[in-house]
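To start, the structure under review is shown below, and the notes come after it.
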Amino acid sequence: MNFELTGNIIVKEDEQAISASFKKREFVIEVANERNSDWNDYIKFQLTQDRCAQLDPFNLGDAVKVSFNIKGRKWEKDGKVNYFSNLEAWRIEKAQANSAPDMPPPPYAEAEVPPAGENEDLPF
């Protein structure tokens, strides 16, 4: 599954060597909520192996478009089963600071919502 999100970089971690053959790097972007900035989303991604260097040219506060896949893993230890989900970034591109996310318009305009008290004969 391929997805894209646009936001500003707010956390940029150093590369971590998990084992001799695996390395990762994590970063977080803030995705603006158009209706209320108190509801912004903070999305953590990881880059792995050779892709870790993709984050180097970017600074905190930069607007980026992140292309990513969702990966899920099952992990068992001592008879307990755990499940993990990761957002694995595979491309990071510069984005315009005020670009709106690719979202469809709401299903109705606010002017179309009837005022309170109108249609009170509805059964719910």
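As shown in the structure tokens, the chain order sets the letters A, B, ...; within each chain, residues go from 1, and ligands are also counted from 1 in the order they appear.
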
Find the residues near range 38-53 of chain A: any atom within 6 Å, counting only C-alpha atoms, skip ones fewer than 3 places away on the same chain, and give them as a tab-separated table (two decimals) with N, CA and C atoms, in the first residue's frame.
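In the end it all went to part_10.tsv:
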```tsv
chain	number	residue	atom	x	y	z
A	23	LYS	N	19.90	-0.85	9.73
A	23	LYS	CA	19.91	0.49	10.33
A	23	LYS	C	18.61	1.20	9.99
A	24	LYS	N	18.23	2.13	10.89
A	24	LYS	CA	17.00	2.88	10.67
A	24	LYS	C	17.19	4.31	11.15
A	25	ARG	N	16.28	5.17	10.70
A	25	ARG	CA	16.27	6.57	11.11
A	25	ARG	C	14.81	7.00	11.19
A	26	GLU	N	14.44	7.66	12.27
A	26	GLU	CA	13.05	8.07	12.46
A	26	GLU	C	12.93	9.59	12.38
A	27	PHE	N	11.75	10.03	11.94
A	27	PHE	CA	11.44	11.45	11.91
A	27	PHE	C	9.93	11.62	12.05
A	28	VAL	N	9.52	12.83	12.45
A	28	VAL	CA	8.11	13.12	12.69
A	28	VAL	C	7.74	14.36	11.89
A	29	ILE	N	6.57	14.30	11.26
A	29	ILE	CA	6.03	15.50	10.61
A	29	ILE	C	4.72	15.88	11.29
A	30	GLU	N	4.45	17.17	11.30
A	30	GLU	CA	3.17	17.69	11.80
A	30	GLU	C	2.29	17.96	10.59
A	31	VAL	N	1.13	17.31	10.58
A	31	VAL	CA	0.18	17.46	9.48
A	31	VAL	C	-0.94	18.36	10.00
A	32	ALA	N	-1.12	19.50	9.34
A	32	ALA	CA	-2.09	20.50	9.79
A	32	ALA	C	-3.52	20.02	9.59
A	33	ASN	N	-4.35	20.29	10.59
A	33	ASN	CA	-5.79	20.08	10.48
A	33	ASN	C	-6.37	21.41	10.02
A	56	ASP	N	18.84	13.74	5.19
A	56	ASP	CA	19.96	14.67	5.40
A	56	ASP	C	19.74	16.08	4.86
A	87	LEU	N	5.29	2.99	9.69
A	87	LEU	CA	5.14	3.76	8.47
A	87	LEU	C	6.53	3.90	7.87
A	88	GLU	N	6.78	3.15	6.81
A	88	GLU	CA	8.11	3.12	6.21
A	88	GLU	C	8.18	4.07	5.03
A	89	ALA	N	8.88	5.18	5.24
A	89	ALA	CA	9.04	6.19	4.19
A	89	ALA	C	9.99	5.66	3.13
```

Considering only C-alpha atoms, state which residue in the set A:Lys12, A:Lys80, A:Arg35, A:Arg73 is at the smallest distance from Gly61 in chain A. A:Lys12

If you count only C-alpha atoms, which residues fall within 6 Å of range 1-5 of chain A, apart from same-chain ones fewer than 2 positions away, as a PyMOL selection string? chain A and resi 65-69

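For the pair CA of Thr6 in chain A and CA of Asn59 in chain A, the interatomic distance is 14.9 Å.
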
Polymer residues at most 6 Å from Val64 in chain A, only C-alpha atoms, same-chain spacing of 2 or more positions, as a PyMOL selection string: chain A and resi 6-7+93-95
